[in-house]
Amino acid sequence: MMRALCLIFLFTTNFIVAQKPDYDFAKAEKESRKLIYSNPDSALVYIKRTLSQKGNLHDTVYGNTYALYGIYYGMKGKPDSTIYYEKKSLGYLDDYPRNKARSIMNLAIGYRNKGDYNTSIEYLLKSIEINKKQKNNVGIAMAYGEMASCYNYMLKYNKSVDYLLKAISILKAENNTKQLVAVKQKLANTYLAMENYKFAIDLYKETLAEFKQIGMLKNYYLTLVNLGDALLTTERYTEAKKALNEAMGGLATYGDKELIGICLSKIGALELKQGQPQKAVVTLKKATDNLLPQKSAWLVGIGGQYVDALNKTKNYKQALEFIQKADRLNLFNKANKDDQLKYKNAVADTYNATNNDKEAIKAYQHTIEIMDSIAEDKQREAIREVQAKFQTELQREKNLALEANNKGLQKSMAAEKTVMNFYIFGSIALLVLILSVLLNYWLKNRLQRQAIKTAEADKILLQQQNQHEQELGKAQKEVIEEKQRELTSTALRMASYQDSINDIIQKCESNAIARVADVKKELEHLVKQEDYWKQFETRFNSVHPNFGSTLTNRFAKLTKNDIEFCSLLKLNLSNKEIASLLQISHESAITKKYRIKKKMEINDDAEFEKLLTEI
């Protein structure tokens, strides 16, 4: 009986244990990695379940799971949390270099998403070093791809392309198609930034199908955003709208506010292109509202786009409010120079429109400095590229010469064996002759190629200098136009001031009180004493120094008063504004203009206005 009870107990115990199998950590990690890029919230269930298991788990379990936690927050657009969990992951992976290299790369991606590109590159170099020691070629290629993304954001496109081509070559050799599609997407991003839109569009369309097939849906939607940007730039608006709307719907499921903000900015740009500025303002506001809480470095470029749209719709108050919010975040230096230039230009236009001349001039000067810096960077990059090409060509020529030298030596040794001592001196003489010819030929080709490379470098430098001069001329023209607007404003304020004084005089004439008479006398004295025309003439001549002398030389009949009247016309003032300024009637201003045209023997108003504009 006792034996029977023991058998029943063992059977029951085995049955219960069989119903509660041990937790499969390997399967949980596999499922997490499978879901993390397509459905991160489902992956999070596995991650939390793994970390909730009791007992001392293996270091690789903790390390890999915390690394996945970091990737999850990357999918959600929270780089600070990504950095926290990837650093926590590294605490368990010192003895597992491959896993450590992967977590270091994820940590670098977190810093890149924060806009800290230099720190990101430092960690990627560490990941590459570990992968090289482990002979992990796929890991090296992935790190190269992330390096390329950093250089792309830093506007160093040549470096970006070099790293991407290295990564593609490695992945093709390893036959790793899953990672290859991600690198191809990065290459498309770089070509988009380099304005090679056709190639970028073709690559994006190719990678879209591959991302969807392997289930990397977030990369799929991000690719749609970039495709929409390329289509927008090439004015294929219908296709761009379709791509961006699909991307917007997909990204909303991830809750990544930074990517949502970027996508909204592209939609806003599309609405501006289609002549819907009010609608674009609403969309761009949503974009910046998503980016502000994230303190995203993208806020600088997209913020510049938003301020520009507000300026176009004359919403200057709203623009100033946004500028104050954005400046308080101190994100300007984290953005690349193109985005900095876009933002400062828009800010300068806002200050200019709101008559804040001091801040406007400061912002315009800042834009000129940024343009100079961009031009210098491009010039240095061009010089480095020419030098690298020259060194490569020089090394290739040395290799060819060495190869030819080796072949000559082999022939000489063969001849020595065949004819022995009888032909030894002849062989040496022939060898010397061959070497001399080769040396002369090599030196001649080297000098010719060096001359060609030098000429190409000079041509590039001249083109960049010409472009810089054009940009500087444009900026100077804007400053001159600002001075002319200031001159017009001064003239109108002067007229308004004189009107006010004359009004007081007229009121005083109707009052016989002695004190009022004294006020009248003082105001008359003030009007006579203040030489407004002299102030106006001084400012006008600083902007248009040759205007008066040119008119006098070409039209001798014109008096000084005629020249002053033409100066006001030069400022595009209306007849009514000129009449107010000169304290004459509107009809007198029209008559004055007619008489001046008659003296100049011009009948047509358009011809008269064109002449004043060109002087």
# chains A, B, ... in the order shown; residues from 1 in each chain; ligands from 1

$ residues_around --residues "region 96-105 of chain A" --least-positions-apart "5" --cutoff "8 Å" --atoms "only C-alpha atoms" --output "PyMOL selection string"
chain A and resi 60+63-64+67+86-87+89-90+123-124+126-128+130-131+134+136+139+143

$ write_last_selection --atoms "all heavy atoms" --output "tab-separated table (two decimals), in the first residue's frame"
chain	number	residue	atom	x	y	z
A	60	THR	N	25.53	37.14	-19.60
A	60	THR	CA	25.10	37.42	-20.98
A	60	THR	C	23.60	37.65	-21.07
A	60	THR	O	23.13	38.41	-21.92
A	60	THR	CB	25.49	36.26	-21.92
A	60	THR	OG1	24.94	35.04	-21.41
A	60	THR	CG2	26.99	36.14	-22.04
A	63	GLY	N	23.27	41.20	-19.77
A	63	GLY	CA	23.89	42.12	-20.73
A	63	GLY	C	23.08	42.27	-22.00
A	63	GLY	O	22.79	43.39	-22.45
A	64	ASN	N	22.68	41.14	-22.60
A	64	ASN	CA	21.92	41.19	-23.85
A	64	ASN	C	20.53	41.77	-23.66
A	64	ASN	O	20.01	42.48	-24.52
A	64	ASN	CB	21.83	39.79	-24.46
A	64	ASN	CG	23.18	39.28	-24.92
A	64	ASN	OD1	24.13	40.04	-25.04
A	64	ASN	ND2	23.28	37.98	-25.16
A	67	ALA	N	20.70	45.45	-23.23
A	67	ALA	CA	21.00	46.03	-24.54
A	67	ALA	C	19.73	46.14	-25.37
A	67	ALA	O	19.49	47.15	-26.06
A	67	ALA	CB	22.04	45.18	-25.26
A	86	GLU	N	22.18	50.89	-22.30
A	86	GLU	CA	23.34	50.30	-22.98
A	86	GLU	C	24.57	50.34	-22.06
A	86	GLU	O	25.37	49.41	-22.05
A	86	GLU	CB	23.62	51.05	-24.28
A	86	GLU	CG	22.54	50.91	-25.35
A	86	GLU	CD	22.30	49.48	-25.78
A	86	GLU	OE1	23.19	48.62	-25.56
A	86	GLU	OE2	21.23	49.19	-26.32
A	87	LYS	N	24.71	51.40	-21.26
A	87	LYS	CA	25.81	51.45	-20.31
A	87	LYS	C	25.62	50.38	-19.23
A	87	LYS	O	26.59	49.76	-18.77
A	87	LYS	CB	25.91	52.84	-19.68
A	87	LYS	CG	26.51	53.89	-20.60
A	87	LYS	CD	26.69	55.22	-19.90
A	87	LYS	CE	27.40	56.21	-20.80
A	87	LYS	NZ	27.59	57.54	-20.15
A	89	SER	N	24.13	47.58	-19.72
A	89	SER	CA	24.44	46.33	-20.40
A	89	SER	C	25.94	46.04	-20.39
A	89	SER	O	26.38	44.91	-20.15
A	89	SER	CB	23.94	46.40	-21.85
A	89	SER	OG	24.50	45.39	-22.64
A	90	LEU	N	26.75	47.09	-20.61
A	90	LEU	CA	28.21	46.90	-20.70
A	90	LEU	C	28.80	46.41	-19.38
A	90	LEU	O	29.87	45.78	-19.38
A	90	LEU	CB	28.87	48.22	-21.11
A	90	LEU	CG	28.61	48.67	-22.56
A	90	LEU	CD1	29.13	50.07	-22.80
A	90	LEU	CD2	29.25	47.69	-23.53
A	123	TYR	N	32.88	56.03	-29.61
A	123	TYR	CA	32.41	54.70	-29.23
A	123	TYR	C	32.40	53.74	-30.42
A	123	TYR	O	32.69	52.54	-30.27
A	123	TYR	CB	31.00	54.79	-28.62
A	123	TYR	CG	31.02	55.21	-27.17
A	123	TYR	CD1	30.59	56.46	-26.77
A	123	TYR	CD2	31.48	54.33	-26.18
A	123	TYR	CE1	30.61	56.85	-25.43
A	123	TYR	CE2	31.51	54.71	-24.85
A	123	TYR	CZ	31.08	55.97	-24.48
A	123	TYR	OH	31.12	56.33	-23.16
A	124	LEU	N	32.09	54.23	-31.60
A	124	LEU	CA	32.09	53.37	-32.79
A	124	LEU	C	33.51	52.88	-33.10
A	124	LEU	O	33.69	51.72	-33.50
A	124	LEU	CB	31.51	54.13	-33.98
A	124	LEU	CG	29.99	54.34	-33.95
A	124	LEU	CD1	29.56	55.31	-35.03
A	124	LEU	CD2	29.25	53.01	-34.11
A	126	LYS	N	35.78	52.27	-30.88
A	126	LYS	CA	36.02	51.21	-29.90
A	126	LYS	C	35.36	49.91	-30.34
A	126	LYS	O	35.94	48.82	-30.21
A	126	LYS	CB	35.48	51.62	-28.53
A	126	LYS	CG	36.25	52.76	-27.88
A	126	LYS	CD	35.64	53.12	-26.53
A	126	LYS	CE	36.39	54.29	-25.87
A	126	LYS	NZ	35.78	54.68	-24.58
A	127	SER	N	34.13	50.01	-30.86
A	127	SER	CA	33.41	48.82	-31.34
A	127	SER	C	34.16	48.17	-32.51
A	127	SER	O	34.29	46.94	-32.57
A	127	SER	CB	31.99	49.21	-31.76
A	127	SER	OG	31.30	48.10	-32.28
A	128	ILE	N	34.66	49.00	-33.42
A	128	ILE	CA	35.41	48.48	-34.57
A	128	ILE	C	36.68	47.77	-34.12
A	128	ILE	O	37.03	46.70	-34.63
A	128	ILE	CB	35.75	49.63	-35.55
A	128	ILE	CG1	34.47	50.14	-36.22
A	128	ILE	CG2	36.75	49.18	-36.61
A	128	ILE	CD1	34.64	51.44	-36.99
A	130	ILE	N	37.27	46.23	-31.25
A	130	ILE	CA	36.94	44.93	-30.65
A	130	ILE	C	36.56	43.93	-31.74
A	130	ILE	O	37.00	42.77	-31.73
A	130	ILE	CB	35.79	45.08	-29.64
A	130	ILE	CG1	36.24	45.93	-28.45
A	130	ILE	CG2	35.31	43.72	-29.15
A	130	ILE	CD1	35.11	46.31	-27.50
A	131	ASN	N	35.74	44.36	-32.71
A	131	ASN	CA	35.30	43.46	-33.78
A	131	ASN	C	36.48	42.99	-34.65
A	131	ASN	O	36.48	41.85	-35.14
A	131	ASN	CB	34.25	44.15	-34.65
A	131	ASN	CG	32.88	44.13	-34.01
A	131	ASN	OD1	32.45	43.11	-33.48
A	131	ASN	ND2	32.18	45.25	-34.05
A	134	GLN	N	38.17	40.24	-32.87
A	134	GLN	CA	37.33	39.05	-32.92
A	134	GLN	C	37.13	38.53	-34.35
A	134	GLN	O	36.46	37.52	-34.55
A	134	GLN	CB	35.96	39.35	-32.30
A	134	GLN	CG	36.01	39.68	-30.82
A	134	GLN	CD	36.49	38.52	-29.99
A	134	GLN	OE1	36.01	37.39	-30.12
A	134	GLN	NE2	37.49	38.77	-29.13
A	136	ASN	N	35.23	39.75	-36.53
A	136	ASN	CA	33.78	39.81	-36.77
A	136	ASN	C	33.52	40.83	-37.88
A	136	ASN	O	33.28	42.02	-37.62
A	136	ASN	CB	33.06	40.20	-35.48
A	136	ASN	CG	31.55	40.25	-35.65
A	136	ASN	OD1	31.02	39.87	-36.70
A	136	ASN	ND2	30.85	40.70	-34.63
A	139	GLY	N	30.15	42.73	-37.82
A	139	GLY	CA	30.15	43.78	-36.79
A	139	GLY	C	30.91	45.02	-37.25
A	139	GLY	O	30.49	46.16	-36.99
A	143	ALA	N	29.29	48.82	-37.84
A	143	ALA	CA	29.89	50.02	-37.21
A	143	ALA	C	30.28	51.05	-38.27
A	143	ALA	O	30.11	52.26	-38.07
A	143	ALA	CB	31.10	49.63	-36.37

$ residues_around --residues "Ala200 (chain A)" --least-positions-apart "6" --cutoff "12 Å" --atoms "only C-alpha atoms" --output "PyMOL selection string"
chain A and resi 184-194+206-207+223-224+226-231+233-234

$ atom_distance --atom1 "CA of Lys312 (chain A)" --atom2 "CA of Asp349 (chain A)"
9.8 Å

$ residues_around --residues "Gly110 (chain A)" --least-positions-apart "6" --cutoff "6 Å" --atoms "only C-alpha atoms" --output "PyMOL selection string"
chain A and resi 79+82-83

$ closest_residue --among "A:Ile170, A:Ala247, A:Val183, A:Val45" --to "Ala148 (chain A)" --atoms "only C-alpha atoms"
A:Val183

$ residues_around --residues "Ala243 (chain A)" --least-positions-apart "2" --cutoff "12 Å" --atoms "only C-alpha atoms" --output "PyMOL selection string"
chain A and resi 201+204-205+208+220-232+236-241+245-250+263+266-267+270

$ select_by_dssp --residues "region 45-145 of chain A" --states "alpha helix (DSSP H)" --output "ChimeraX atom specification"
/A:45-51,59-75,79-90,97-113,117-133,137-145
